[in-house]
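Heads up, the thing below is written out as structure tokens.
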Protein chains: 2
Amino acid sequence: MKSGIITLAHGSGGAESAALMRDVFLPSFNNDVLGELGDSAVVCGAERLAISTDTFVVTPLVFPGGDIGKLAVCGTVNDVLMSGATPRYLTCGFTLEVGLSIELLDTICASLAKAAKEAGVAIIAGDTKVIEGRGEGGGLMISTTGVGTFGDGAGEVMPAGILPGDAIILSGNLGDHHAAILSARMGVKNDIKSDCALLTPIIRALDEAGVDIHAMRDVTRGGLATVLNELAIASKVSIILEEGDIPVSAEVKAFARLMGLDPLYMANEGKVALAVAHADASHALTAVRSTEIGRAAAIIGHAAPSSAAPSAQPPPPSPKSQTFASSADSPIPSSIHSTPPPLSLRTPLGGTIRLDVLYGEGLPRIC
Amino acid sequence: MKSGIITLAHGSGGAESAALMRDVFLPSFNNDVLGELGDSAVVCGAERLAISTDTFVVTPLVFPGGDIGKLAVCGTVNDVLMSGATPRYLTCGFTLEVGLSIELLDTICASLAKAAKEAGVAIIAGDTKVIEGRGEGGGLMISTTGVGTFGDGAGEVMPAGILPGDAIILSGNLGDHHAAILSARMGVKNDIKSDCALLTPIIRALDEAGVDIHAMRDVTRGGLATVLNELAIASKVSIILEEGDIPVSAEVKAFARLMGLDPLYMANEGKVALAVAHADASHALTAVRSTEIGRAAAIIGHAAPSSAAPSAQPPPPSPKSQTFASSADSPIPSSIHSTPPPLSLRTPLGGTIRLDVLYGEGLPRIC
């Protein structure tokens with residue numbers, strides 16, 4: 001893919017984003033740290049550091065449940081948290097469109113500062129550029145880089161840490177951010193709010209409960225199905241989800257049905273999926289549920305070996321064509337079709353559906 | 001300034017940028033590290049780190065002497081170098097406009113990677129967002145954050161380190177980047193190339209020569225006059241430049257005259273201004289001139305006390321109204337007018353002109 005042009009799908013966090021990473025960015029910049037493709041890079045100096053970067057282009061700038069300032073902090077801090085590090089510092093680069101209201105900029109900065117304070121990160125560097133407006137102008141984009149440190153004895157949590165038998169926990173309802181942004185853009189009135197939140201309380205509760213987290217990732221662009229595909233492939237396991245156990249609010253479920261959206265591929269901004277040993281599962285669930293943002297948490301599935309003895313395996317599930325994902329043109333090598341897929345979903349009626357990564361663009365400028 | 005709208009001048013790196021920083025960003029995010037307003041933030045963990053962030057929005061994406069990829073590395077690495085640290089890591093956030101040619105993106109990534117290799121920094125984290133195109137579309141913006149470390153005994157170079165009597169050295173000709181970008185946009189054919197370059201060889205040469213650098217800053221947006229105003233104010237000295245000693249190429253001089261531009265306020269992307277003790281000046285100059293990019297370096301002025309005995313002071317120079325700078329509505333307190341200004345220029349005929357920071361926008365999207 002060294003020719004062609006950029007389409008919105010390249011920014012989706014799904015299959016085309018992965019192709020861009022694989023064909024353009026990784027070959028250009030390759031090194032061991034970047035190649036790990038974690039949510040944060042972990043580098044070694046006199047002490048290890050976790051570093052993550054993100055650019056936020058969400059529209060509208062202010063939405064039910066948050067704004068681009070809060071989102072910029074939550075998104076980057078959450079990525080640093082996912083490595084097991086303690087977020088310490090944040091840099092902010094602002095790209096302002098001509099015509100932006102300075103009062104609005106100030107409101108967004110106040111929101112950003114409030115979230116940074118809650119996250120315990122200091123904003124230590126910044127940059128401002130102004131560009132001509134597009135359309136009606138007045139837009140704003142924010143690039144943030146987060147730096148975290150590992151305390152004495154704190155271990156790095158790797159995407160490849162899931163073991164067969166692990167329980168998969170999701171910290172709450174799927175699809176709230178996606179549905180809130182889409183509702184705001186369409187002018188639809190409902191009570192759906194973005195779940196935009198720091199995952200700090202959940203990570204802290206798990207830490208205090210002494211839970212050993214095998215792997216975790218915040219569930220953002222690309223949705224749960226994309227994130228769990230990535231973790232399953234990195235960990236060389238097969239994850240099986242129980243459809244009936246996946247939490248989605250009644251409002252978002254109704255909205256998604258109306259819009260033809262699948263909550264498994266909708267974006268979230270304050271959710272984490274994590275793998276823990278089966279024996280730790282109920283203890284970990286109690287810890288997550290003890291937090292304000294984790295009250296709807298659930299055990300949604302488990303990990304199985306990706307290539308057990310053929311006789312012990314069910315036949316490969318037939319691919320399902322769905323709203324965003326089509327496994328017909330899957331980039332996954334065909335050899336994998338003879339073993340369990342990285343991710344599958346058991347429906348309440350007992351069927352099993354293969355879940356692929358997101359194809360195409362879920363919703364442009366959602367974060 | 002909590003009301004009003006954003007204008008291009010807010011992105012100039014001059015007076016309005018400073019006002020935005022003072023009125024909006026600093027009050028929102030204030031902490032000791034950010035408040036130092038250095039080119040890099042220096043933070044302490046088990047080891048000290050220098051962290052700097054920048055967003056690059058230059059158009060055209062490829063220009064004589066460089067492209068946005070090379071520029072993104074040089075700009076951020078140079079900022080980390082200015083703190084006295086050794087640049088180690090770089091993060092890259094790409095914001096791509098729909099319609100961007102992937103071949104062009106790949107070329108720019110290759111250029112970025114080449115510059116990163118030369119700078120000795122590893123690209124360890126990244127992010128990609130895609131947005132709708134503006135105008136003809138196909139644009140690209142890059143946000144980079146650089147992380148540097150301080151070796152054993154390496155000291156942090158502070159903006160406030162200039163002492164009265166220090167010599168001011170400029171590493172080469174002014175205005176090349178500004179003139180090259182403007183020429184490219186206007187379709188003017190000439191031989192002017194951007195000076196876009198890593199300052200690493202100059203810093204290394206000074207280090208090997210054992211020069212004690214009192215303060216330094218790379219001379220980018222806002223130009224030499226803005227940068228030296230900032231350093232003089234931070235160091236509480238008055239800097240006097242000798243107009244006849246400031247290097248500008250004959251081509252840029254002619255171009256600037258034609259366009260009504262003042263090279264003292266034009267942007268550069270591979271120049272550093274530094275202060276060293278008078279006794280070190282010729283030694284330091286030799287070191288800078290020993291590098292490929294520093295061959296046109298010159299001692300361009302010196303620092304004097306900012307408030308000596310009144311009788312020893314010349315009368316305050318009358319403000320000069322010039323292309324970009326107007327001291328009529330200067331934000332500097334009027335009390336300073338009874339002491340030497342932070343920056344002034346002695347002309348070959350013997351006159352002395354006060355040089356203010358840049359007002360308004362020099363050239364939008366120059367970096």
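Numbering starts fresh at 1 for the residues of each chain in the structure tokens, the chains themselves are lettered A, B, ... in the order given, and ligands are numbered from 1 as they appear.
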
Give me, as a tab-separated table, each residue of chain B that comes within 7 Å of chain A, together with its shortest interatomic pair and the distance in Å at one decimal, counting only C-alpha atoms, with rows ordered by chain and rising residue number.
```
residue	atom	partner	partner_atom	distance
B:Lys2	CA	A:Glu103	CA	5.4
B:Ser3	CA	A:Glu103	CA	5.1
B:Gly4	CA	A:Ile102	CA	5.6
B:Ile5	CA	A:Ser101	CA	4.4
B:Ile6	CA	A:Leu100	CA	5.1
B:Thr7	CA	A:Val98	CA	5.1
B:Leu8	CA	A:Val130	CA	5.7
B:His10	CA	A:Val130	CA	6.6
B:Gly11	CA	A:Val130	CA	4.7
B:Val24	CA	A:Asp106	CA	5.9
B:Phe25	CA	A:Cys109	CA	6.9
B:Ser28	CA	A:Ala110	CA	5.6
B:Phe29	CA	A:Ala113	CA	5.7
B:Val33	CA	A:Ile124	CA	5.6
B:Leu34	CA	A:Ile124	CA	4.5
B:Ser40	CA	A:Ala125	CA	6.9
B:Ala41	CA	A:Ala125	CA	5.8
B:Ala46	CA	A:Glu47	CA	5.9
B:Glu47	CA	A:Ala46	CA	5.9
B:Ser52	CA	A:Ala125	CA	6.0
B:Thr53	CA	A:Gly126	CA	5.8
B:Asp54	CA	A:Asp127	CA	5.3
B:Thr55	CA	A:Gly93	CA	6.1
B:Thr91	CA	A:Thr53	CA	6.5
B:Gly93	CA	A:Thr55	CA	6.1
B:Val98	CA	A:Thr7	CA	5.1
B:Gly99	CA	A:Ile6	CA	5.1
B:Leu100	CA	A:Ile6	CA	5.1
B:Ser101	CA	A:Ile5	CA	4.4
B:Ile102	CA	A:Ile5	CA	5.2
B:Glu103	CA	A:Ser3	CA	5.2
B:Asp106	CA	A:Val24	CA	5.9
B:Cys109	CA	A:Ser28	CA	6.0
B:Ala110	CA	A:Ser28	CA	5.6
B:Ala113	CA	A:Phe29	CA	5.7
B:Ile123	CA	A:Phe29	CA	6.2
B:Ile124	CA	A:Leu34	CA	4.6
B:Ala125	CA	A:Leu34	CA	5.8
B:Gly126	CA	A:Thr53	CA	5.8
B:Asp127	CA	A:Asp54	CA	5.3
B:Thr128	CA	A:Gly11	CA	6.1
B:Lys129	CA	A:Gly11	CA	4.8
B:Val130	CA	A:Gly11	CA	4.7
B:Ile131	CA	A:Arg365	CA	6.6
B:Arg134	CA	A:Arg134	CA	5.4
B:Ser143	CA	A:Ser143	CA	6.5
B:Thr145	CA	A:Thr145	CA	6.7
B:Arg365	CA	A:Ile131	CA	6.6
```

Practice task
Per DSSP on the backbone, filter segment 79-142 of chain B down to the residues in alpha helix (DSSP H) and report them as a ChimeraX atom specification.
Solution key: /B:79-81,102-119

I need the residues from that last selection saved to file as a PDB file, in the first residue's frame (with N, CA, C and O atoms), if you can.
```pdb
ATOM      1  N   ASP B  79      14.675  21.932  19.888  1.00  0.00           N
ATOM      2  CA  ASP B  79      14.152  22.462  21.155  1.00  0.00           C
ATOM      3  C   ASP B  79      14.685  21.666  22.350  1.00  0.00           C
ATOM      4  O   ASP B  79      14.986  22.240  23.397  1.00  0.00           O
ATOM      5  N   VAL B  80      14.782  20.355  22.200  1.00  0.00           N
ATOM      6  CA  VAL B  80      15.332  19.537  23.293  1.00  0.00           C
ATOM      7  C   VAL B  80      16.823  19.862  23.491  1.00  0.00           C
ATOM      8  O   VAL B  80      17.289  20.016  24.623  1.00  0.00           O
ATOM      9  N   LEU B  81      17.542  20.015  22.372  1.00  0.00           N
ATOM     10  CA  LEU B  81      18.974  20.352  22.450  1.00  0.00           C
ATOM     11  C   LEU B  81      19.202  21.653  23.217  1.00  0.00           C
ATOM     12  O   LEU B  81      20.198  21.795  23.939  1.00  0.00           O
ATOM     13  N   ILE B 102      -0.814   8.675  -0.630  1.00  0.00           N
ATOM     14  CA  ILE B 102      -0.066   7.807   0.284  1.00  0.00           C
ATOM     15  C   ILE B 102       1.405   7.754  -0.126  1.00  0.00           C
ATOM     16  O   ILE B 102       2.297   7.632   0.706  1.00  0.00           O
ATOM     17  N   GLU B 103       1.660   7.921  -1.403  1.00  0.00           N
ATOM     18  CA  GLU B 103       3.044   7.969  -1.875  1.00  0.00           C
ATOM     19  C   GLU B 103       3.766   9.182  -1.266  1.00  0.00           C
ATOM     20  O   GLU B 103       4.909   9.079  -0.815  1.00  0.00           O
ATOM     21  N   LEU B 104       3.065  10.316  -1.232  1.00  0.00           N
ATOM     22  CA  LEU B 104       3.658  11.516  -0.633  1.00  0.00           C
ATOM     23  C   LEU B 104       3.868  11.305   0.867  1.00  0.00           C
ATOM     24  O   LEU B 104       4.920  11.658   1.417  1.00  0.00           O
ATOM     25  N   LEU B 105       2.867  10.700   1.534  1.00  0.00           N
ATOM     26  CA  LEU B 105       3.003  10.415   2.961  1.00  0.00           C
ATOM     27  C   LEU B 105       4.230   9.542   3.216  1.00  0.00           C
ATOM     28  O   LEU B 105       5.000   9.775   4.152  1.00  0.00           O
ATOM     29  N   ASP B 106       4.422   8.570   2.348  1.00  0.00           N
ATOM     30  CA  ASP B 106       5.550   7.663   2.507  1.00  0.00           C
ATOM     31  C   ASP B 106       6.881   8.396   2.310  1.00  0.00           C
ATOM     32  O   ASP B 106       7.843   8.171   3.049  1.00  0.00           O
ATOM     33  N   THR B 107       6.920   9.283   1.336  1.00  0.00           N
ATOM     34  CA  THR B 107       8.133  10.086   1.101  1.00  0.00           C
ATOM     35  C   THR B 107       8.450  10.944   2.326  1.00  0.00           C
ATOM     36  O   THR B 107       9.603  11.052   2.762  1.00  0.00           O
ATOM     37  N   ILE B 108       7.400  11.543   2.884  1.00  0.00           N
ATOM     38  CA  ILE B 108       7.586  12.415   4.049  1.00  0.00           C
ATOM     39  C   ILE B 108       8.022  11.585   5.263  1.00  0.00           C
ATOM     40  O   ILE B 108       8.892  12.011   6.033  1.00  0.00           O
ATOM     41  N   CYS B 109       7.447  10.397   5.421  1.00  0.00           N
ATOM     42  CA  CYS B 109       7.857   9.528   6.526  1.00  0.00           C
ATOM     43  C   CYS B 109       9.329   9.116   6.370  1.00  0.00           C
ATOM     44  O   CYS B 109      10.064   9.046   7.353  1.00  0.00           O
ATOM     45  N   ALA B 110       9.734   8.838   5.134  1.00  0.00           N
ATOM     46  CA  ALA B 110      11.133   8.459   4.905  1.00  0.00           C
ATOM     47  C   ALA B 110      12.064   9.607   5.277  1.00  0.00           C
ATOM     48  O   ALA B 110      13.123   9.403   5.888  1.00  0.00           O
ATOM     49  N   SER B 111      11.655  10.814   4.933  1.00  0.00           N
ATOM     50  CA  SER B 111      12.462  11.993   5.259  1.00  0.00           C
ATOM     51  C   SER B 111      12.511  12.201   6.775  1.00  0.00           C
ATOM     52  O   SER B 111      13.570  12.499   7.353  1.00  0.00           O
ATOM     53  N   LEU B 112      11.362  12.006   7.420  1.00  0.00           N
ATOM     54  CA  LEU B 112      11.278  12.121   8.878  1.00  0.00           C
ATOM     55  C   LEU B 112      12.199  11.083   9.536  1.00  0.00           C
ATOM     56  O   LEU B 112      12.970  11.396  10.459  1.00  0.00           O
ATOM     57  N   ALA B 113      12.139   9.859   9.014  1.00  0.00           N
ATOM     58  CA  ALA B 113      12.949   8.780   9.592  1.00  0.00           C
ATOM     59  C   ALA B 113      14.443   9.059   9.411  1.00  0.00           C
ATOM     60  O   ALA B 113      15.254   8.804  10.307  1.00  0.00           O
ATOM     61  N   LYS B 114      14.803   9.595   8.252  1.00  0.00           N
ATOM     62  CA  LYS B 114      16.220   9.907   7.976  1.00  0.00           C
ATOM     63  C   LYS B 114      16.724  10.973   8.963  1.00  0.00           C
ATOM     64  O   LYS B 114      17.808  10.837   9.538  1.00  0.00           O
ATOM     65  N   ALA B 115      15.916  12.005   9.167  1.00  0.00           N
ATOM     66  CA  ALA B 115      16.312  13.065  10.099  1.00  0.00           C
ATOM     67  C   ALA B 115      16.401  12.518  11.526  1.00  0.00           C
ATOM     68  O   ALA B 115      17.314  12.879  12.290  1.00  0.00           O
ATOM     69  N   ALA B 116      15.463  11.635  11.884  1.00  0.00           N
ATOM     70  CA  ALA B 116      15.475  11.061  13.232  1.00  0.00           C
ATOM     71  C   ALA B 116      16.753  10.243  13.439  1.00  0.00           C
ATOM     72  O   ALA B 116      17.368  10.288  14.512  1.00  0.00           O
ATOM     73  N   LYS B 117      17.156   9.514  12.406  1.00  0.00           N
ATOM     74  CA  LYS B 117      18.369   8.703  12.501  1.00  0.00           C
ATOM     75  C   LYS B 117      19.589   9.614  12.692  1.00  0.00           C
ATOM     76  O   LYS B 117      20.448   9.353  13.541  1.00  0.00           O
ATOM     77  N   GLU B 118      19.639  10.677  11.901  1.00  0.00           N
ATOM     78  CA  GLU B 118      20.754  11.629  12.034  1.00  0.00           C
ATOM     79  C   GLU B 118      20.789  12.252  13.426  1.00  0.00           C
ATOM     80  O   GLU B 118      21.849  12.515  13.984  1.00  0.00           O
ATOM     81  N   ALA B 119      19.599  12.483  13.973  1.00  0.00           N
ATOM     82  CA  ALA B 119      19.511  13.123  15.294  1.00  0.00           C
ATOM     83  C   ALA B 119      19.769  12.133  16.420  1.00  0.00           C
ATOM     84  O   ALA B 119      19.921  12.528  17.573  1.00  0.00           O
TER      85      ALA B 119
END
```

Exercise for the section: For atom CA of Tyr265 of chain B and atom CA of Lys236 of chain B, determine how far apart the two atoms are, in Å to one decimal place. Expected result: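 Separation of atom CA of Tyr265 of chain B and atom CA of Lys236 of chain B: 21.7 Å.
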
Just want the 10 Å neighbourhood of Glu243 of chain A, counted on only C-alpha atoms, with same-chain residues fewer than 3 positions away dropped. Output as a PDB file with C-alpha atoms, in the first residue's frame.
```pdb
ATOM      1  CA  ILE A 240     -14.644 -16.231  23.189  1.00  0.00           C
ATOM      2  CA  ILE A 246     -21.770  -7.762  27.272  1.00  0.00           C
ATOM      3  CA  PRO A 247     -23.199  -4.641  28.934  1.00  0.00           C
ATOM      4  CA  LEU A 264     -19.044  -4.154  19.510  1.00  0.00           C
ATOM      5  CA  ILE A 300     -17.801 -11.031  29.240  1.00  0.00           C
ATOM      6  CA  GLY A 301     -15.805 -14.058  28.116  1.00  0.00           C
ATOM      7  CA  SER A 344     -15.546 -15.050  18.472  1.00  0.00           C
ATOM      8  CA  LEU A 345     -18.948 -14.377  19.983  1.00  0.00           C
ATOM      9  CA  ARG A 346     -21.355 -16.956  21.411  1.00  0.00           C
ATOM     10  CA  THR A 347     -24.921 -15.769  20.985  1.00  0.00           C
ATOM     11  CA  PRO A 348     -27.594 -16.500  23.601  1.00  0.00           C
ATOM     12  CA  LEU A 349     -29.068 -19.086  21.178  1.00  0.00           C
ATOM     13  CA  GLY A 350     -25.783 -20.978  21.123  1.00  0.00           C
ATOM     14  CA  THR A 352     -20.742 -18.843  17.382  1.00  0.00           C
TER      15      THR A 352
END
```

Practice task
Compile the contact shell of Gly66 of chain B as an MDAnalysis selection string: residues with an atom at most 10 Å away, counting only C-alpha atoms, same-chain residues fewer than 3 positions apart removed.
Solution key: chainID B and resid 61:63 69:71 108 111 177 180 193:197

Handout entry: Which residue of A:Gly351, A:Gly137, A:Gly294, A:Gly14 approaches Leu241 of chain A most closely, using only C-alpha atoms
Key =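 When distances to Leu241 of chain A are compared using only C-alpha atoms, the smallest one comes from A:Gly351.
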